[in-house]
file my_file_9.txt (compact mmCIF, C-alpha atoms)
# COMPACT_ATOMS: atom_id res chain seq x y z
CA MET A 1 0.00 0.00 0.00
CA SER A 2 1.47 3.38 -1.02
CA ALA A 3 1.90 6.12 1.57
CA ARG A 4 -0.40 8.37 -0.46
CA PHE A 5 -3.17 5.77 -0.61
CA SER A 6 -2.86 5.17 3.13
CA PHE A 7 -3.09 8.91 3.83
CA GLU A 8 -6.21 9.28 1.67
CA GLN A 9 -7.88 6.31 3.38
CA GLU A 10 -7.21 7.78 6.83
CA LEU A 11 -8.41 11.19 5.65
CA GLU A 12 -11.64 9.58 4.42
CA SER A 13 -12.12 8.00 7.84
CA LEU A 14 -11.52 11.38 9.45
CA ASN A 15 -14.09 13.04 7.20
CA HIS A 16 -16.61 10.31 8.04
CA ASP A 17 -16.16 11.07 11.75
CA LEU A 18 -16.60 14.79 11.13
CA ILE A 19 -19.84 14.15 9.25
CA GLN A 20 -21.11 11.93 12.07
CA MET A 21 -20.22 14.55 14.67
CA GLY A 22 -21.98 17.18 12.56
CA GLU A 23 -25.13 15.07 12.48
CA LEU A 24 -25.03 14.77 16.28
CA ILE A 25 -24.82 18.51 16.86
CA GLU A 26 -27.51 19.24 14.26
CA ALA A 27 -29.81 16.77 16.05
CA ALA A 28 -29.00 18.45 19.37
CA ILE A 29 -30.11 21.83 17.98
CA ASP A 30 -33.41 20.32 16.81
CA LYS A 31 -34.00 18.61 20.13
CA VAL A 32 -33.21 21.64 22.25
CA ILE A 33 -35.83 23.77 20.48
CA LYS A 34 -38.36 20.97 20.88
CA ALA A 35 -37.51 20.78 24.59
CA PHE A 36 -37.93 24.56 24.91
CA LYS A 37 -41.26 24.58 23.09
CA GLU A 38 -42.72 21.63 24.97
CA GLN A 39 -41.01 22.37 28.31
CA ASP A 40 -39.64 18.85 28.17
CA ASP A 41 -37.12 18.45 30.99
CA GLU A 42 -36.49 14.81 30.10
CA LEU A 43 -35.46 15.72 26.56
CA ALA A 44 -33.32 18.59 27.84
CA ASN A 45 -31.50 16.21 30.17
CA GLU A 46 -31.03 13.79 27.26
CA ILE A 47 -29.27 16.56 25.31
CA ILE A 48 -27.01 17.35 28.26
CA LYS A 49 -26.03 13.69 28.59
CA GLY A 50 -25.58 13.39 24.84
CA ASP A 51 -22.94 16.13 24.92
CA ARG A 52 -20.57 13.54 26.36
CA THR A 53 -20.79 11.62 23.09
CA VAL A 54 -19.88 14.78 21.17
CA ASN A 55 -16.93 15.31 23.51
CA ASP A 56 -15.80 11.72 23.00
CA MET A 57 -15.96 12.16 19.24
CA GLU A 58 -13.85 15.29 19.50
CA ARG A 59 -11.13 13.30 21.27
CA VAL A 60 -11.28 10.50 18.68
CA ILE A 61 -10.95 12.97 15.80
CA GLU A 62 -8.12 14.84 17.52
CA SER A 63 -6.31 11.53 18.01
CA LYS A 64 -6.71 10.66 14.32
CA CYS A 65 -5.41 14.08 13.27
CA LEU A 66 -2.35 13.82 15.49
CA SER A 67 -1.71 10.27 14.29
CA LEU A 68 -1.86 11.45 10.67
CA ILE A 69 0.62 14.23 11.37
CA LEU A 70 3.06 12.00 13.26
CA ARG A 71 2.97 8.95 10.97
CA GLN A 72 2.32 10.45 7.56
CA GLN A 73 4.19 13.73 8.08
CA PRO A 74 2.05 15.58 5.52
CA VAL A 75 3.26 18.80 3.93
CA ALA A 76 1.73 21.77 2.12
CA LYS A 77 -2.01 21.41 1.45
CA ASP A 78 -2.25 17.97 3.10
CA LEU A 79 -0.88 19.46 6.32
CA ARG A 80 -3.38 22.31 6.15
CA ILE A 81 -6.24 19.84 5.78
CA VAL A 82 -5.28 17.94 8.92
CA THR A 83 -4.44 20.97 11.05
CA THR A 84 -7.66 22.72 10.10
CA ALA A 85 -9.63 19.60 11.02
CA LEU A 86 -8.23 20.04 14.53
CA LYS A 87 -9.59 23.60 14.56
CA VAL A 88 -12.94 22.65 13.04
CA VAL A 89 -13.60 19.88 15.55
CA THR A 90 -13.07 22.37 18.39
CA ASP A 91 -15.77 24.64 16.98
CA MET A 92 -18.06 21.64 16.53
CA GLU A 93 -17.55 20.60 20.13
CA ARG A 94 -18.42 24.12 21.28
CA ILE A 95 -21.67 23.94 19.30
CA GLY A 96 -22.53 20.78 21.23
CA ASP A 97 -21.69 22.60 24.46
CA HIS A 98 -24.04 25.44 23.57
CA ALA A 99 -26.89 23.01 22.93
CA ALA A 100 -26.28 21.60 26.41
CA ASP A 101 -26.10 25.14 27.85
CA ILE A 102 -29.47 25.95 26.30
CA SER A 103 -30.89 22.72 27.74
CA GLU A 104 -29.90 23.78 31.24
CA LEU A 105 -31.71 27.09 30.73
CA VAL A 106 -34.78 25.27 29.37
CA ILE A 107 -34.97 23.27 32.59
CA ARG A 108 -34.60 26.44 34.66
CA ILE A 109 -37.41 28.38 32.94
CA ARG A 110 -39.97 25.57 32.98
CA ASN A 111 -43.60 26.38 33.77
CA THR A 112 -43.46 29.73 31.96
CA ASN A 113 -44.89 30.74 28.61
CA ALA A 114 -41.65 32.36 27.53
CA TYR A 115 -41.46 30.37 24.29
CA ASP A 116 -44.64 32.02 23.00
CA PHE A 117 -43.10 35.48 23.37
CA VAL A 118 -39.89 34.86 21.41
CA LYS A 119 -40.90 33.73 17.94
CA PRO A 120 -37.45 34.51 16.43
CA ILE A 121 -35.69 31.81 18.48
CA PRO A 122 -37.04 28.80 16.52
CA LYS A 123 -36.09 30.61 13.29
CA MET A 124 -32.64 31.29 14.73
CA ALA A 125 -32.27 27.58 15.45
CA THR A 126 -33.32 26.66 11.91
CA VAL A 127 -30.83 29.04 10.30
CA ALA A 128 -28.05 28.11 12.74
CA LYS A 129 -28.57 24.40 12.04
CA GLN A 130 -28.47 25.03 8.30
CA MET A 131 -25.24 26.97 8.78
CA VAL A 132 -23.68 24.12 10.74
CA HIS A 133 -24.68 21.56 8.13
CA ARG A 134 -23.44 23.66 5.22
CA ALA A 135 -20.24 24.64 7.02
CA VAL A 136 -19.25 21.03 7.75
CA GLU A 137 -20.26 19.94 4.26
CA SER A 138 -18.17 22.74 2.71
CA PHE A 139 -15.18 21.72 4.81
CA ILE A 140 -15.44 18.07 3.79
CA LYS A 141 -15.84 18.97 0.11
CA CYS A 142 -13.20 21.72 0.21
CA ASP A 143 -15.92 24.02 -1.16
CA VAL A 144 -14.69 27.56 -0.54
CA GLU A 145 -17.56 29.19 -2.42
CA GLY A 146 -20.07 27.17 -0.38
CA ALA A 147 -18.30 28.27 2.79
CA ARG A 148 -18.48 31.93 1.76
CA GLU A 149 -22.19 31.66 1.00
CA THR A 150 -22.77 30.03 4.38
CA MET A 151 -20.98 32.85 6.18
CA LYS A 152 -23.45 35.34 4.72
CA MET A 153 -26.26 33.54 6.57
CA ASP A 154 -24.83 34.78 9.85
CA ASP A 155 -26.42 38.16 9.16
CA GLN A 156 -29.83 36.47 9.44
CA VAL A 157 -28.91 35.02 12.82
CA ASP A 158 -27.70 38.42 14.06
CA ASP A 159 -30.89 40.13 12.86
CA LEU A 160 -33.02 37.51 14.61
CA PHE A 161 -31.01 37.97 17.80
CA ASN A 162 -31.81 41.68 17.71
CA GLN A 163 -35.48 40.79 17.33
CA VAL A 164 -35.24 38.55 20.40
CA LYS A 165 -33.77 41.43 22.39
CA ALA A 166 -36.73 43.60 21.38
CA ASP A 167 -39.15 40.80 22.33
CA VAL A 168 -37.49 40.39 25.73
CA ILE A 169 -37.88 44.12 26.40
CA ALA A 170 -41.57 43.82 25.53
CA MET A 171 -41.88 40.79 27.82
CA LEU A 172 -40.43 42.75 30.70
CA GLN A 173 -42.75 45.67 30.08
CA THR A 174 -46.06 43.95 29.41
CA SER A 175 -46.23 40.21 29.94
CA GLY A 176 -45.60 39.72 33.62
CA VAL A 177 -43.03 37.03 32.89
CA HIS A 178 -40.42 36.96 35.66
CA ALA A 179 -37.30 38.99 34.91
CA ASP A 180 -35.06 35.97 35.49
CA SER A 181 -36.94 34.04 32.79
CA CYS A 182 -36.46 36.94 30.39
CA ILE A 183 -32.73 36.92 31.01
CA ASP A 184 -32.62 33.15 30.49
CA VAL A 185 -34.51 33.51 27.19
CA LEU A 186 -32.02 36.15 26.07
CA MET A 187 -29.18 33.77 26.95
CA ILE A 188 -30.80 31.02 24.87
CA ALA A 189 -30.78 33.39 21.90
CA LYS A 190 -27.18 34.37 22.64
CA TYR A 191 -26.09 30.73 22.59
CA MET A 192 -27.88 30.31 19.25
CA GLU A 193 -26.02 33.33 17.93
CA ARG A 194 -22.75 31.77 19.09
CA ILE A 195 -23.60 28.56 17.23
CA GLY A 196 -23.82 30.67 14.08
CA ASP A 197 -20.45 32.23 14.94
CA HIS A 198 -18.84 28.80 15.27
CA ALA A 199 -20.27 27.81 11.89
CA VAL A 200 -18.61 30.92 10.47
CA ASN A 201 -15.32 29.84 12.06
CA ILE A 202 -15.59 26.45 10.32
CA CYS A 203 -16.15 28.23 7.02
CA GLU A 204 -13.10 30.40 7.59
CA TRP A 205 -11.00 27.30 8.23
CA THR A 206 -12.32 25.88 4.96
CA GLU A 207 -10.94 28.93 3.19
CA PHE A 208 -7.65 28.46 5.00
CA HIS A 209 -7.11 24.84 4.06
CA GLU A 210 -7.69 25.73 0.42
CA THR A 211 -5.79 29.02 0.28
CA GLY A 212 -3.40 29.09 3.25
CA ALA A 213 -4.93 32.43 4.26
CA LEU A 214 -7.17 33.21 7.24
CA LYS A 215 -9.22 36.40 7.17
CA ASN A 216 -7.23 37.42 4.07
CA ILE A 217 -3.91 37.05 5.92
CA ARG A 218 -1.48 34.52 4.51
CA ILE A 219 -0.46 32.07 7.26
CA LEU A 220 0.75 28.85 5.59
call {"tool": "encode", "arguments": {"input": "my_file_9.txt", "output": "structure tokens"}}
result
Amino acid sequence: MSARFSFEQELESLNHDLIQMGELIEAAIDKVIKAFKEQDDELANEIIKGDRTVNDMERVIESKCLSLILRQQPVAKDLRIVTTALKVVTDMERIGDHAADISELVIRIRNTNAYDFVKPIPKMATVAKQMVHRAVESFIKCDVEGARETMKMDDQVDDLFNQVKADVIAMLQTSGVHADSCIDVLMIAKYMERIGDHAVNICEWTEFHETGALKNIRIL
């Protein structure tokens, strides 16, 4: 077996793991909004426990990346692919963390009607999940143009976050919802916004492993 063939096989295995991890965090985003809407503490706890699986996958992928670097000693573009995978998996793990963070807040604000006052949050989740999916897919396919298009979607997430802030102000003024619940709702939206930011980071690393430049600055 040639060294090149061996490297490509291991890279394919690495990409498979990244896709699987992406599917896990996308599912977590779906579940956390369902838990919020239905005030489902059991589902929220399931998401929190499931974050351990995401963390375990991060360690497996990191191990594969380091093994590739040590044994295959890749250079140039091959090295960029492996080193950026290490960066990407960190952002993916943080997305899983944020889903767990939101779940903890969902449990804390149970028995309120907060969900009905913040219509932008489900939309935020939809866009953020699409961003995550497209960001990981662009990384796997080395699709720089797809990554750039995905980054533009972050403006939608930011606009929706501003709408949530306006809704929270209205809740405080008119709805009688407890102030602590309003703050928790705002934090849920903030975590969703951060998920979008991590998807942007993944897209930026996709640009890097194709061009050697990050934020238009040549690095490697």
call {"tool": "residues_around", "arguments": {"input": "my_file_9.txt", "residues": "A:Glu12", "least_positions_apart": "4", "cutoff": "12 Å", "atoms": "all atoms listed in the file", "output": "list of chain:residue names"}}
result
A:Phe5, A:Ser6, A:Phe7, A:Glu8, A:His16, A:Asp17, A:Leu18, A:Ile19, A:Ile61, A:Lys64, A:Cys65, A:Leu68, A:Ile81, A:Val82, A:Ile140, A:Lys141
call {"tool": "closest_residue", "arguments": {"input": "my_file_9.txt", "among": "A:Lys34, A:Gly22, A:Asp180, A:Glu104", "to": "A:Thr53", "atoms": "only C-alpha atoms"}}
result
A:Gly22
call {"tool": "atom_distance", "arguments": {"input": "my_file_9.txt", "atom1": "atom CA of A:Asp197", "atom2": "atom CA of A:Lys77"}}
result
25.3 Å
call {"tool": "atom_distance", "arguments": {"input": "my_file_9.txt", "atom1": "atom CA of A:Met192", "atom2": "atom CA of A:Ser63"}}
result
28.6 Å
call {"tool": "residues_around", "arguments": {"input": "my_file_9.txt", "residues": "A:Gln130", "least_positions_apart": "5", "cutoff": "9 Å", "atoms": "all atoms listed in the file", "output": "ChimeraX atom specification"}}
result
/A:26,125,135,150,153
call {"tool": "write_last_selection", "arguments": {"input": "my_file_9.txt", "atoms": "C-alpha atoms", "output": "PDB file, in the coordinates of the input"}}
result
ATOM      1  CA  GLU A  26     -27.510  19.240  14.260  1.00  0.00           C
ATOM      2  CA  ALA A 125     -32.270  27.580  15.450  1.00  0.00           C
ATOM      3  CA  ALA A 135     -20.240  24.640   7.020  1.00  0.00           C
ATOM      4  CA  THR A 150     -22.770  30.030   4.380  1.00  0.00           C
ATOM      5  CA  MET A 153     -26.260  33.540   6.570  1.00  0.00           C
TER       6      MET A 153
END
call {"tool": "closest_residue", "arguments": {"input": "my_file_9.txt", "among": "A:Val54, A:Ala85, A:Ala35, A:Met151", "to": "A:Asn15", "atoms": "only C-alpha atoms"}}
result
A:Ala85
call {"tool": "closest_residue", "arguments": {"input": "my_file_9.txt", "among": "A:Glu38, A:Asp167, A:Glu210, A:Glu204", "to": "A:Leu186", "atoms": "all atoms listed in the file"}}
result
A:Asp167
call {"tool": "atom_distance", "arguments": {"input": "my_file_9.txt", "atom1": "atom CA of A:Asp41", "atom2": "atom CA of A:Ile107"}}
result
5.5 Å
call {"tool": "axis_aligned_box", "arguments": {"input": "my_file_9.txt", "around": "stretch 138-157 of chain A", "padding_each_side": "4 Å", "output": "AutoDock Vina command-line options"}}
result
--center_x -21.5 --center_y 28.1 --center_z 5.2 --size_x 24.6 --size_y 28.1 --size_z 23.2
call {"tool": "closest_residue", "arguments": {"input": "my_file_9.txt", "among": "A:Ser181, A:Arg71, A:Asp159, A:Thr206", "to": "A:Lys123", "atoms": "all atoms listed in the file"}}
result
A:Asp159
call {"tool": "closest_residue", "arguments": {"input": "my_file_9.txt", "among": "A:Val144, A:Ser13, A:Ile195, A:Asp116", "to": "A:Val168", "atoms": "all atoms listed in the file"}}
result
A:Asp116
call {"tool": "build_atoms", "arguments": {"input": "my_file_9.txt", "residues": "stretch 119-133 of chain A", "atoms": "N, CA and C atoms", "output": "mmCIF file, in the frame of the given file"}}
result
data_model
loop_
_atom_site.group_PDB
_atom_site.id
_atom_site.type_symbol
_atom_site.label_atom_id
_atom_site.label_comp_id
_atom_site.auth_asym_id
_atom_site.auth_seq_id
_atom_site.Cartn_x
_atom_site.Cartn_y
_atom_site.Cartn_z
ATOM 1 N N LYS A 119 -40.752 34.440 19.211
ATOM 2 C CA LYS A 119 -40.900 33.730 17.940
ATOM 3 C C LYS A 119 -39.599 33.642 17.130
ATOM 4 N N PRO A 120 -38.681 34.617 17.241
ATOM 5 C CA PRO A 120 -37.450 34.510 16.430
ATOM 6 C C PRO A 120 -36.533 33.357 16.826
ATOM 7 N N ILE A 121 -36.636 32.831 18.050
ATOM 8 C CA ILE A 121 -35.690 31.810 18.480
ATOM 9 C C ILE A 121 -35.786 30.530 17.654
ATOM 10 N N PRO A 122 -36.977 29.984 17.388
ATOM 11 C CA PRO A 122 -37.040 28.800 16.520
ATOM 12 C C PRO A 122 -36.441 29.059 15.135
ATOM 13 N N LYS A 123 -36.675 30.257 14.597
ATOM 14 C CA LYS A 123 -36.090 30.610 13.290
ATOM 15 C C LYS A 123 -34.570 30.683 13.409
ATOM 16 N N MET A 124 -34.088 31.255 14.503
ATOM 17 C CA MET A 124 -32.640 31.290 14.730
ATOM 18 C C MET A 124 -32.062 29.888 14.707
ATOM 19 N N ALA A 125 -32.743 28.968 15.376
ATOM 20 C CA ALA A 125 -32.270 27.580 15.450
ATOM 21 C C ALA A 125 -32.230 26.952 14.069
ATOM 22 N N THR A 126 -33.270 27.224 13.259
ATOM 23 C CA THR A 126 -33.320 26.660 11.910
ATOM 24 C C THR A 126 -32.150 27.154 11.064
ATOM 25 N N VAL A 127 -31.911 28.466 11.094
ATOM 26 C CA VAL A 127 -30.830 29.040 10.300
ATOM 27 C C VAL A 127 -29.473 28.565 10.820
ATOM 28 N N ALA A 128 -29.322 28.543 12.152
ATOM 29 C CA ALA A 128 -28.050 28.110 12.740
ATOM 30 C C ALA A 128 -27.751 26.654 12.378
ATOM 31 N N LYS A 129 -28.782 25.806 12.411
ATOM 32 C CA LYS A 129 -28.570 24.400 12.040
ATOM 33 C C LYS A 129 -28.187 24.271 10.573
ATOM 34 N N GLN A 130 -28.832 25.045 9.721
ATOM 35 C CA GLN A 130 -28.470 25.030 8.300
ATOM 36 C C GLN A 130 -27.021 25.478 8.113
ATOM 37 N N MET A 131 -26.620 26.486 8.864
ATOM 38 C CA MET A 131 -25.240 26.970 8.780
ATOM 39 C C MET A 131 -24.251 25.884 9.189
ATOM 40 N N VAL A 132 -24.566 25.196 10.271
ATOM 41 C CA VAL A 132 -23.680 24.120 10.740
ATOM 42 C C VAL A 132 -23.553 23.039 9.685
ATOM 43 N N HIS A 133 -24.697 22.610 9.140
ATOM 44 C CA HIS A 133 -24.680 21.560 8.130
ATOM 45 C C HIS A 133 -23.864 21.983 6.912
#
